[in-house]
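What follows is one structure encoded as structure tokens, with my remarks underneath.
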Number of protein chains: 2
Amino acid sequence: MTDRPTAGVLGTGIMGAAMARNLLRAGLAVRVWNRTRAKAEPLAADGAYVADTPEEAVRGADVVLTVLHDGPAVLRTMRQAAPGLRRGAAWVQSTTSGIEEVGEQARLAREHGLVFFDAPVLGTRAPAEAGQLVVLAAGPGEDRRAVEPVLQAVGSRTVWTGEDGADAAATRLKLVANSWVLAATQATGEVLALSQALGVDPQSFFDVIAGGPLDMGYLHAKAALVLEDRLSPASFAVDTALKDARLIVDAGRRHGVRLDVAAAGAERLARASAQGHGEEDMAAAYFASFDEEGNVEQEGKEEREG
Amino acid sequence: MTDRPTAGVLGTGIMGAAMARNLLRAGLAVRVWNRTRAKAEPLAADGAYVADTPEEAVRGADVVLTVLHDGPAVLRTMRQAAPGLRRGAAWVQSTTSGIEEVGEQARLAREHGLVFFDAPVLGTRAPAEAGQLVVLAAGPGEDRRAVEPVLQAVGSRTVWTGEDGADAAATRLKLVANSWVLAATQATGEVLALSQALGVDPQSFFDVIAGGPLDMGYLHAKAALVLEDRLSPASFAVDTALKDARLIVDAGRRHGVRLDVAAAGAERLARASAQGHGEEDMAAAYFASFDEEGNVEQEGKEEREG
């Protein structure tokens with residue numbers, strides 16, 4: 001580790017691009033790669049080296065940061081990066097993965113002599129851009145100093161959950177937290193859809209719960225995206241949320257609990273995606289209440305018109 | 001209306017008993033009836049007259065307050081009360097009903113010359129006992145003074161939503177608000193169940209979201225009931241919540257919107273009720289994640305043990 005550590009960032013979507021920019025601001029040398037190179041290119045203006053391949057992006061990196069779509073993409077990309085990896089480098093894995101997938105990542109890290117950190121982040125576009133993510137992390141205490149420049153640049157705080165990334169303690173906490181995030185988003189969408197159907201001004205609902213135990217900042221934030229038609233660019237896209245929702249339901253099932261509401265939420269996200277909202281903010285799950293944008297279902301229409 | 005108005009309270013469950021007690025504290029003469037008379041009798045010590053029939057409870061009442069299980073119980077009970085009703089009396093209908101049911105209530109009120117107020121309340125046991133409910137109300141402005149002593153005694157504020165109770169504007173707002181209440185309760189239960197399944201300390205989840213936009217007083221209140229095994233006595237019973245959940249899903253369907261998450265929540269409440277938790281607090285929907293109390297489902301068990 002030099003005074004100016006080098007970070008190789010694999011994945012420059014909503015989160016990865018914002019995180020890479022904060023690494024640059026913090027004075028790290030940053031090499032980035034993205035499957036669609038055009039999404040990585042704007043980072044060149046911030047001082048990043050834009051690589052053509054994962055292998056090129058991780059060459060010489062002290063810390064490799066993965067911020068990809070899902071667990072399979074992480075394994076695929078890291079296998080491509082393998083020839084460029086330096087033994088002893090740290091791998092900060094921030095993609096939200098399934099629990100079993102984290103075990104596979106840790107095995108891959110061992111094969112290549114990397115120090116593995118299971119390090120998903122909590123937060124969406126705005127906190128990522130502000131370097132205010134909450135990093136949930138697990139990894140060996142003696143190696144944490146090496147990744148501190150990265151964790152401090154992207155997050156406002158790091159919550160350490162364990163010494164061995166392979167245990168997926170950070171990912172388990174992340175799935176629990178995301179189950180709440182997704183449930184709040186779905187509840188917001190259904191409240192808005194029901195308000196619309198029943199002719200209730202959403203503001204009168206907000207007024208009724210204002211300042212009490214039922215109030216929640218997230219409700220207002222996500223409702224505003226729908227009510228003010230600000231679903232693009234996404235803070236957290238429908239398709240990413242759908243992936244997370246399925247990870248959560250699956251984690252519950254594998255560990256013996258039924259999560260009916262989370263499963264229904266996943267269905268809503270899938271429906272919203274099929275309606276063409278996949279790249280919009282996950283608040284667009286609201287549209288899953290309707291047969292198509294803005295139109296209520298036929299049965300209801302007939303009842304109201306009849 | 002005399003200086004000491006008389007209220008006839010039909011239904012003395014969790015909410016009705018607390019509301020009747022606050023009417024007595026406010027100096028009203030209170031006559032109460034409950035289908036199971038034993039649940040009404042403790043109110044005698046507070047000064048209530050405990051009636052044997054709905055008819056007897058409403059005799060001489062300036063204001064009739066209904067706080068029953070559901071819409072059908074309201075119609076049935078008011079038909080029984082009919083011979084005792086005084087033309088010109090006010091009817092404050094606080095049971096959460098379906099929208100169409102409110103229309104039937106208003107028709108019944110007209111038949112008997114009552115001034116109808118659609119007046120569901122927001123809040124559970126503790127605010128009801130403290131006279132701190134939020135009353136959502138619709139009814140004619142010129143007759144509101146007559147019901148003020150009742151509304152002020154049971155609530156901290158009244159949100160007026162319209163001039164004609166028959167429009168069910170208050171009930172529509174109540175269903176919207178309850179969709180949020182129930183969603184928050186279900187999300188709390190699933191977060192706790194997933195935490196348990198994945199071996200995550202719920203406190204670490206609370207810590208991660210503390211003070212941010214994802215935090216919510218209601219989460220902590222409902223989680224504490226589960227974690228501290230304080231599900232009885234209920235603040236809001238599973239069976240009542242199930243009734244409300246079905247009203248919400250049905251209202252959505254009739255008005256053309258799909259509420260998948262609310263429907264999944266209703267299934268969880270039905271399952272928790274079938275498991276024997278019907279009279280416990282609705283936070284007991286948590287148990288719907290498990291095949292029986294405390295035990296994870298077989299599939300998960302085998303995976304973990306195998």
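Labels used: A, B, ... for chains in the order of the structure tokens, numbers from 1 for residues in each chain, and numbers from 1 for ligands as shown.
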(message) Report as a PyMOL selection string all protein, DNA and RNA residues lying within 6 Å of region 9-16 of chain A, evaluated on only C-alpha atoms, omitting residues in the same chain fewer than 5 positions from it.
(response) chain A and resi 32-34+40+65-68
Take the residues that were just selected and, keeping C-alpha atoms, output them as a short mmCIF file (atom, residue, chain, number, x, y, z; two decimals), in the first residue's frame.
data_model
loop_
_atom_site.label_atom_id
_atom_site.label_comp_id
_atom_site.auth_asym_id
_atom_site.auth_seq_id
_atom_site.Cartn_x
_atom_site.Cartn_y
_atom_site.Cartn_z
CA VAL A 32 -12.57 1.68 -13.69
CA TRP A 33 -14.27 -0.86 -15.88
CA ASN A 34 -17.88 -1.26 -16.90
CA ALA A 40 -17.58 4.46 -17.35
CA LEU A 65 -14.03 -2.74 -5.44
CA THR A 66 -16.90 -4.64 -7.08
CA VAL A 67 -20.23 -2.85 -7.54
CA LEU A 68 -22.03 -5.02 -10.07
#
(request) For chain A, work out the contacting residues on chain B at 7 Å, counting only C-alpha atoms, and write them as an MDAnalysis selection string. (result) chainID B and resid 172:173 176:177 179:180 183 187 190:191 193:195 197:198 200 205 213:218 252:261 264:265 289:290 296:301
(request) If you run DSSP over the backbone, which residues in region 135-285 of chain A end up helix (DSSP H, G or I)? Put them as a PyMOL selection string. (result) chain A and resi 141-154+165-167+169-198+202-209+217-227+238-254+260-277+282-285
(message) From the options B:Glu55, B:Asp118, B:Asp250, B:Glu104, which residue's atoms come nearest to Val147 (chain B), counting only C-alpha atoms?
(response)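 Of the candidates, the smallest distance to Val147 (chain B) is held by B:Asp118.
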(request) Please provide the set of residues having any atom within 10 Å of Pro5 (chain B), restricted to only C-alpha atoms, with same-chain residues fewer than 2 positions apart removed, written as a PyMOL selection string. (result) chain B and resi 1-3+7+23+27-30+60-63+146-147+149-150
(message) Could you check the closest approach to His112 (chain B) for each of B:Arg125, B:Leu225, B:Ala82, B:Gly278 and tell me which residue wins, using only C-alpha atoms?
(response) B:Ala82
(request) Can you pull out every residue within 7 Å of Met19 (chain A), counting only C-alpha atoms, but drop anything in the same chain fewer than 6 positions away, and send it as a ChimeraX atom specification? (result) /A:128-129,154
Put those residues in a file: N, CA, C and O atoms, as a short mmCIF file (atom, residue, chain, number, x, y, z; two decimals), in the first residue's frame.
data_model
loop_
_atom_site.label_atom_id
_atom_site.label_comp_id
_atom_site.auth_asym_id
_atom_site.auth_seq_id
_atom_site.Cartn_x
_atom_site.Cartn_y
_atom_site.Cartn_z
N ALA A 128 -24.73 7.97 -2.06
CA ALA A 128 -23.53 7.46 -2.74
C ALA A 128 -22.73 8.62 -3.32
O ALA A 128 -21.51 8.67 -3.19
N GLU A 129 -23.44 9.56 -3.95
CA GLU A 129 -22.75 10.71 -4.54
C GLU A 129 -22.10 11.59 -3.48
O GLU A 129 -21.06 12.19 -3.69
N VAL A 154 -16.18 6.35 0.55
CA VAL A 154 -17.53 6.09 0.02
C VAL A 154 -18.63 6.19 1.07
O VAL A 154 -19.79 6.41 0.74
#
(request) Return as a PyMOL selection string the full set of residues in region 36-252 of chain B whose backbone-based DSSP assignment is strand (DSSP E). (result) chain B and resi 49-50+63-66+90-93+115-118+121-122+133-138+155-162
Keeping only N, CA, C and O atoms, take the residues you just selected and write them out as a CSV table (one decimal), in the first residue's frame.
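Wrote selection.csv, looks like this:
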chain,number,residue,atom,x,y,z
B,49,TYR,N,-73.8,3.5,32.8
B,49,TYR,CA,-74.9,2.6,33.0
B,49,TYR,C,-74.7,1.5,32.0
B,49,TYR,O,-74.6,1.7,30.8
B,50,VAL,N,-74.7,0.2,32.5
B,50,VAL,CA,-74.5,-0.9,31.6
B,50,VAL,C,-75.9,-1.5,31.2
B,50,VAL,O,-76.6,-2.0,32.0
B,63,VAL,N,-76.1,11.6,21.6
B,63,VAL,CA,-75.2,11.1,20.7
B,63,VAL,C,-75.0,9.6,20.8
B,63,VAL,O,-74.8,9.1,21.9
B,64,VAL,N,-75.1,8.8,19.7
B,64,VAL,CA,-74.9,7.4,19.7
B,64,VAL,C,-73.5,7.2,19.1
B,64,VAL,O,-73.2,7.7,18.0
B,65,LEU,N,-72.7,6.4,19.8
B,65,LEU,CA,-71.3,6.1,19.3
B,65,LEU,C,-71.2,4.6,19.1
B,65,LEU,O,-71.4,3.9,20.0
B,66,THR,N,-70.9,4.3,17.8
B,66,THR,CA,-70.7,2.8,17.5
B,66,THR,C,-69.3,2.5,17.3
B,66,THR,O,-68.6,3.1,16.5
B,90,ALA,N,-77.5,12.5,17.2
B,90,ALA,CA,-76.4,12.3,16.3
B,90,ALA,C,-75.9,10.9,16.4
B,90,ALA,O,-75.9,10.3,17.5
B,91,TRP,N,-75.4,10.4,15.3
B,91,TRP,CA,-74.8,9.1,15.3
B,91,TRP,C,-73.3,9.2,14.8
B,91,TRP,O,-73.1,9.6,13.7
B,92,VAL,N,-72.4,9.0,15.8
B,92,VAL,CA,-71.0,9.0,15.5
B,92,VAL,C,-70.6,7.6,15.2
B,92,VAL,O,-70.5,6.8,16.2
B,93,GLN,N,-70.3,7.2,14.0
B,93,GLN,CA,-70.0,5.8,13.6
B,93,GLN,C,-68.5,5.7,13.5
B,93,GLN,O,-67.9,6.1,12.5
B,115,VAL,N,-78.7,12.3,12.6
B,115,VAL,CA,-77.6,13.0,11.9
B,115,VAL,C,-76.4,12.1,11.9
B,115,VAL,O,-75.8,11.8,13.0
B,116,PHE,N,-76.0,11.7,10.7
B,116,PHE,CA,-74.9,10.7,10.6
B,116,PHE,C,-73.6,11.3,10.4
B,116,PHE,O,-73.3,12.2,9.6
B,117,PHE,N,-72.6,10.8,11.3
B,117,PHE,CA,-71.2,11.2,11.2
B,117,PHE,C,-70.4,10.0,10.9
B,117,PHE,O,-70.4,9.0,11.7
B,118,ASP,N,-69.8,10.0,9.7
B,118,ASP,CA,-68.8,8.9,9.4
B,118,ASP,C,-67.5,9.3,10.1
B,118,ASP,O,-66.9,10.3,9.8
B,121,VAL,N,-61.6,6.3,13.7
B,121,VAL,CA,-60.5,6.9,14.4
B,121,VAL,C,-59.2,6.2,14.1
B,121,VAL,O,-59.1,5.0,13.8
B,122,LEU,N,-58.1,7.0,14.2
B,122,LEU,CA,-56.8,6.5,14.0
B,122,LEU,C,-56.1,6.4,15.3
B,122,LEU,O,-56.0,7.4,16.1
B,133,LEU,N,-56.8,9.9,20.3
B,133,LEU,CA,-57.1,9.4,19.0
B,133,LEU,C,-57.1,10.6,18.0
B,133,LEU,O,-57.4,11.7,18.4
B,134,VAL,N,-56.8,10.3,16.7
B,134,VAL,CA,-57.1,11.2,15.7
B,134,VAL,C,-58.5,10.8,15.1
B,134,VAL,O,-58.6,9.6,14.6
B,135,VAL,N,-59.5,11.6,15.1
B,135,VAL,CA,-60.8,11.3,14.6
B,135,VAL,C,-60.8,11.8,13.2
B,135,VAL,O,-60.6,13.0,12.9
B,136,LEU,N,-61.1,11.0,12.2
B,136,LEU,CA,-61.3,11.4,10.8
B,136,LEU,C,-62.9,11.4,10.7
B,136,LEU,O,-63.5,10.4,11.0
B,137,ALA,N,-63.4,12.6,10.3
B,137,ALA,CA,-64.8,12.7,10.4
B,137,ALA,C,-65.4,13.5,9.2
B,137,ALA,O,-64.8,14.3,8.6
B,138,ALA,N,-66.6,13.0,8.8
B,138,ALA,CA,-67.4,13.7,7.8
B,138,ALA,C,-68.8,13.8,8.3
B,138,ALA,O,-69.4,12.8,8.9
B,155,GLY,N,-60.6,12.2,21.3
B,155,GLY,CA,-59.5,12.5,20.4
B,155,GLY,C,-58.7,13.7,20.7
B,155,GLY,O,-59.2,14.6,21.4
B,156,SER,N,-57.5,13.8,20.2
B,156,SER,CA,-56.7,15.0,20.4
B,156,SER,C,-57.0,16.0,19.3
B,156,SER,O,-56.8,17.1,19.4
B,157,ARG,N,-57.4,15.5,18.2
B,157,ARG,CA,-57.9,16.3,17.1
B,157,ARG,C,-58.8,15.6,16.2
B,157,ARG,O,-58.9,14.4,16.1
B,158,THR,N,-59.6,16.4,15.5
B,158,THR,CA,-60.6,15.9,14.5
B,158,THR,C,-60.2,16.5,13.2
B,158,THR,O,-60.1,17.7,13.0
B,159,VAL,N,-60.1,15.6,12.2
B,159,VAL,CA,-59.8,16.0,10.8
B,159,VAL,C,-61.1,15.9,10.0
B,159,VAL,O,-61.6,14.8,9.8
B,160,TRP,N,-61.6,17.0,9.7
B,160,TRP,CA,-62.9,17.0,8.9
B,160,TRP,C,-62.6,16.8,7.4
B,160,TRP,O,-61.8,17.5,6.9
B,161,THR,N,-63.4,15.9,6.9
B,161,THR,CA,-63.1,15.5,5.5
B,161,THR,C,-64.3,15.8,4.5
B,161,THR,O,-64.1,15.7,3.3
B,162,GLY,N,-65.4,16.2,5.1
B,162,GLY,CA,-66.5,16.5,4.2
B,162,GLY,C,-67.8,16.8,5.0
B,162,GLY,O,-67.8,16.7,6.3
(request) Can you pull out every residue within 8 Å of region 235-240 of chain B, counting only C-alpha atoms, but drop anything in the same chain fewer than 5 positions away, and send it as a PyMOL selection string? (result) chain B and resi 14+69+124-126+269-270+272-273+277-285
(request) Mind checking which residues fall within 7 Å of Gly98 (chain A), counting only C-alpha atoms, ignoring those fewer than 2 positions away in the same chain, and posting them as an MDAnalysis selection string? (result) chainID A and resid 71 100:102 247
(request) Provide the CA of Arg86 (chain A) to CA of Lys39 (chain A) distance in Å, to one decimal place. (result) 25.9 Å
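Distance-wise, CA of Gly123 (chain B) and CA of Ala234 (chain B) end up 12.7 Å apart.
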(message) For a quick check of understanding, using only C-alpha atoms, which of B:Gly131, B:Gly276, B:Gly103, B:Gly113 has the smallest distance to Ala17 (chain B)?
(response)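 Among the listed residues, B:Gly131 lies closest to Ala17 (chain B).
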(request) Could you jot down the CA of Lys222 (chain A) to CA of Arg21 (chain A) separation for me, Å, one decimal place? (result) 25.3 Å
